[in-house]
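**Q** A single structure is presented below for examination.
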Amino acid sequence: MPDLPLPPGSTLGIIGGGQLGRMLSQAASRLGFDVVILDPEADSPAGRVSARQIVAAYDDPKALSALGRAADVVTFEFENVPAESIERLAEAGALVAPGPTALRVSQDRVDEKTFLNAVGAPTVAFAVIDTLDDLVVGLTELGLPALLKTRREGYDGKGQVWIHAIEDAPAALESLGGRPAILEAKATFVRELSVIAARDWDGHMAVYPLGENRHEGGVLRTTLAPAAVDEKTQVRARAIAEAILDGLDYVGVLGVELFDLGDDVLLVNEIAPRVHNTGHWTQDGCVCDQFEQHIRAVAGWPLGPTTAHARIEMTNLLGDEIDQWRALSAKADERLHLYGKAEARPGRKMAHVNRVLGLLG
């Protein structure tokens with residue numbers, strides 16, 4: 001295991017070659033690190049901006065062994081990496097951050113909510129659903145409407161269905177293909193907020209100002225940050241994020257999505273053990289953005305400042321909206337971040353734009 005902090009010229013391994021891996025690699029390069037990507041797509045967005053790419057499945061033993069030998073520390077860009085892969089790397093002596101515990105907890109919604117409530121980060125009421133009888137009982141106890149989700153996987157609104165009447169239960173369960181599920185009570189919230197936070201190897205933490213999010217069709221559309229919240233809400237969000245980071249013995253950047261119920265009441269919707277879409281605003285709103293922060297944390301460097309110097313509205317560009325790049329790139333108050341994806345499919349995140357709404361004193 002290498003000594004920390006890792007000096008410039010060290011090599012970072014990133015599992016996952018999408019846009020988050022790409023922006024992590026760019027941040028690592030700026031700090032003088034080389035990056036090796038592991039991804040099954042030969043022409044991945046992250047691979048094209050990195051020193052090297054290993055083209056293989058995320059659970060390929062030979063590829064993982066090669067990544068472990070090449071990298072001084074290994075991280076990942078999204079939570080659907082098999083936890084077994086991270087465990088294999090750690091058992092082989094590789095330095096891995098975040099660790100497999102965070103990945104396992106976040107990959108199962110029941111485990112995630114159970115963990116969150118245990119560390120004092122409250123969630124909506126929920127029920128474990130394995131059978132139709134479980135679902136009927138859960139709907140009776142939690143009330144209608146309620147949200148049925150698969151326990152594992154599902155992203156950007158996929159793998160979930162709202163149930164508005166008991167008689168809709170069989171069809172709802174069938175729509176998930178009989179997979180193990182979780183039923184969540186409806187949260188009557190004022191708005192959705194999110195907080196991006198980081199923790200280093202020594203337990204030091206850094207928390208960014210809250211962002212306010214707006215979704216369309218289950219996909220994040222915009223984040224406005226810093227959000228217009230009172231100090232009590234910001235303090236409560238910070239306490240929640242820090243409890244989660246400590247509870248997971250976490251190293252790296254973590255995203256926490258929150259329901260703001262008003263009257264200083266916050267519930268955790270879900271966590272993401274990685275840099276997060278709602279933290280993209282930090283690229284143009286903070287001195288140290290979430291991507292550099294993650295690299296600093298996993299490499300053992302001091303965490304960077306999280307104070308915002310500008311108010312930013314981040315907007316995702318989906319599908320053929322990427323064709324607006326000419327007009328967007330011509331605007332002085334907007335910064336365009338392109339992901340290098342070859343195919344603009346409907347609903348696919350192709351880029352984001354950070355619009356500077358004003359500088360902060």
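Lettering and numbering for the structure tokens are positional, with chains as A, B, ... in the shown order, residues counted from 1 in each chain, and ligands counted from 1 in the shown order.
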With a distance cut-off of 6 Å and only C-alpha atoms, select the neighbouring residues of Gly32 (chain A), excluding the residue or stretch itself and same-chain residues fewer than 2 positions from it, and output the selection as a ChimeraX atom specification.
**A** /A:8-9,29-30
**Q** Run DSSP on the backbone and grab whatever in region 73-233 of chain A lands in strand (DSSP E or B); send it over as a ChimeraX atom specification.
**A** /A:73-76,96,126-129,146-150,160-163,181-185,191-199,205-207,211-216,219-225
**Q** Can you tell me which residues surround region 270-286 of chain A at a distance of at most 8 Å, considering only C-alpha atoms, apart from same-chain residues fewer than 3 positions away, and format the answer as a VMD selection string?
**A** chain A and resid 20 76 to 79 98 102 to 103 106 112 to 113 194 to 196 211 213 220 223 to 225 252 to 258 289 to 291 294 305 to 314 335 354 356
**Q** Rank A:Ser50, A:Ser65, A:Thr75, A:Gln160 by their smallest atom-to-atom distance to Ile295 (chain A), using only C-alpha atoms, and report the top residue only.
**A** A:Thr75
**Q** Excluding Ala241 (chain A) and any residue of its chain fewer than 2 positions from it, enumerate the residues within 9 Å of it, using only C-alpha atoms, and give them as JSON, numbers by chain.
**A** {"A": [121, 195, 196, 197, 198, 207, 236, 237, 238, 239, 243, 244, 245, 246, 254, 255, 256]}
**Q** Given only C-alpha atoms as the basis, pick out the residue of A:Gly68, A:Glu321, A:Arg48, A:Asp133 nearest to Ser25 (chain A).
**A**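 Closest residue, counting only C-alpha atoms: A:Arg48.
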**Q** Which one of A:Lys158, A:Pro209, A:Val96, A:Ile129 sits closest to Arg179 (chain A) if you count only C-alpha atoms?
**A**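 Checking each of A:Lys158, A:Pro209, A:Val96, A:Ile129 against Arg179 (chain A), counting only C-alpha atoms, the winner is A:Ile129.
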**Q** Can you list, as a VMD selection string, every protein, DNA or RNA residue that comes within 10 Å of Ser10 (chain A) when you count only C-alpha atoms, leaving out same-chain residues fewer than 2 positions away?
**A** chain A and resid 2 6 to 8 12 28 32 to 35 70 to 73 299
**Q** Deliver the residues from the most recent selection as a file, using C-alpha atoms, as a compact mmCIF listing (two decimals), in the first residue's frame.
**A**
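Generated output (again.txt):
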# COMPACT_ATOMS: atom_id res chain seq x y z
CA PRO A 2 1.52 3.37 -1.00
CA LEU A 6 0.34 10.40 -3.27
CA PRO A 7 2.86 12.61 -5.09
CA PRO A 8 2.22 14.05 -8.55
CA LEU A 12 -5.11 6.71 -10.24
CA ALA A 28 -6.60 14.29 -11.77
CA GLY A 32 -0.34 15.94 -12.10
CA PHE A 33 -1.69 12.38 -11.87
CA ASP A 34 -1.90 9.77 -14.60
CA VAL A 35 -5.21 7.91 -14.91
CA ALA A 70 -1.10 -0.17 -12.41
CA ALA A 71 -2.79 2.20 -9.95
CA ASP A 72 -1.64 3.62 -6.62
CA VAL A 73 -5.29 4.13 -5.63
CA ALA A 299 -5.01 10.64 -2.98
**Q** Using only C-alpha atoms, which of the listed residues (A:Ala118, A:Ala181, A:Leu139, A:Asp3) sits closest to Leu95 (chain A)?
**A**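 Ranked by minimum distance to Leu95 (chain A), first place goes to A:Asp3.
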**Q** Could you pull out the residues in region 173-359 of chain A that DSSP calls helix (DSSP H, G or I) from the backbone, as an mmCIF file with C-alpha atoms, in the first residue's frame?
**A**
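What ended up in part-v3.cif:
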data_model
loop_
_atom_site.group_PDB
_atom_site.id
_atom_site.type_symbol
_atom_site.label_atom_id
_atom_site.label_comp_id
_atom_site.auth_asym_id
_atom_site.auth_seq_id
_atom_site.Cartn_x
_atom_site.Cartn_y
_atom_site.Cartn_z
ATOM 1 C CA LEU A 173 -45.373 -5.590 -9.000
ATOM 2 C CA GLU A 174 -45.466 -7.300 -12.378
ATOM 3 C CA SER A 175 -44.085 -4.166 -14.068
ATOM 4 C CA GLU A 231 -28.869 28.648 8.290
ATOM 5 C CA LYS A 232 -30.756 25.977 10.256
ATOM 6 C CA THR A 233 -31.428 23.996 7.080
ATOM 7 C CA GLN A 234 -27.813 24.266 5.963
ATOM 8 C CA VAL A 235 -26.578 23.158 9.394
ATOM 9 C CA ARG A 236 -29.009 20.229 9.471
ATOM 10 C CA ALA A 237 -27.934 19.101 5.997
ATOM 11 C CA ARG A 238 -24.294 19.294 7.006
ATOM 12 C CA ALA A 239 -24.963 17.189 10.111
ATOM 13 C CA ILE A 240 -26.758 14.560 8.016
ATOM 14 C CA ALA A 241 -23.942 14.393 5.467
ATOM 15 C CA GLU A 242 -21.266 14.138 8.141
ATOM 16 C CA ALA A 243 -23.153 11.362 9.960
ATOM 17 C CA ILE A 244 -23.349 9.371 6.723
ATOM 18 C CA LEU A 245 -19.673 9.884 5.907
ATOM 19 C CA ASP A 246 -18.577 8.801 9.366
ATOM 20 C CA GLY A 247 -21.021 5.882 9.459
ATOM 21 C CA ASN A 277 -24.862 15.356 -11.076
ATOM 22 C CA THR A 278 -26.199 17.889 -8.557
ATOM 23 C CA GLY A 279 -22.620 18.873 -7.746
ATOM 24 C CA THR A 282 -19.189 23.517 -8.243
ATOM 25 C CA GLN A 283 -17.087 23.472 -11.423
ATOM 26 C CA ASP A 284 -17.872 27.144 -11.980
ATOM 27 C CA GLY A 285 -19.159 28.154 -8.549
ATOM 28 C CA GLN A 290 -16.342 18.224 -6.547
ATOM 29 C CA PHE A 291 -14.098 16.377 -9.033
ATOM 30 C CA GLU A 292 -10.864 17.869 -7.739
ATOM 31 C CA GLN A 293 -12.172 17.339 -4.204
ATOM 32 C CA HIS A 294 -12.658 13.631 -4.836
ATOM 33 C CA ILE A 295 -9.162 13.269 -6.282
ATOM 34 C CA ARG A 296 -7.711 15.166 -3.327
ATOM 35 C CA ALA A 297 -9.544 12.943 -0.849
ATOM 36 C CA VAL A 298 -8.623 9.561 -2.339
ATOM 37 C CA ALA A 299 -5.006 10.644 -2.981
ATOM 38 C CA GLY A 319 -30.320 13.813 -26.278
ATOM 39 C CA ASP A 320 -30.292 16.103 -29.310
ATOM 40 C CA GLU A 321 -30.232 19.219 -27.104
ATOM 41 C CA ILE A 322 -26.487 18.827 -27.528
ATOM 42 C CA ASP A 323 -27.012 20.359 -30.985
ATOM 43 C CA GLN A 324 -27.375 23.725 -29.213
ATOM 44 C CA TRP A 325 -23.632 23.750 -28.500
ATOM 45 C CA ARG A 326 -22.883 26.586 -30.947
ATOM 46 C CA ALA A 327 -25.336 29.007 -29.359
ATOM 47 C CA LEU A 328 -24.492 27.979 -25.798
ATOM 48 C CA SER A 329 -20.749 28.264 -26.305
#
**Q** Quick one: pull the distance between CA of Pro45 (chain A) and CA of His337 (chain A), Å, one decimal.
**A**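 For CA of Pro45 (chain A) relative to CA of His337 (chain A), the distance reads 12.6 Å.
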**Q** Ranking A:Gly304, A:Pro40, A:Pro145, A:Gly217 by minimum distance to Tyr58 (chain A) and counting only C-alpha atoms, which one comes first?
**A**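 Using only C-alpha atoms, Tyr58 (chain A) sits closest to A:Pro40.
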**Q** Quick one: residues within 8 Å of Ser44 (chain A), only C-alpha atoms, excluding same-chain residues fewer than 5 positions away - as a list in words?
**A**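 Everything that qualifies: Gly17, Gly18, Asp39 and Lys341 of chain A.
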**Q** Which is closest to Ile37 (chain A) among A:Leu210, A:Gly13, A:Leu24, A:Thr123, if we use only C-alpha atoms?
**A**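 Between A:Leu210, A:Gly13, A:Leu24, A:Thr123, the residue approaching Ile37 (chain A) most closely is A:Gly13.
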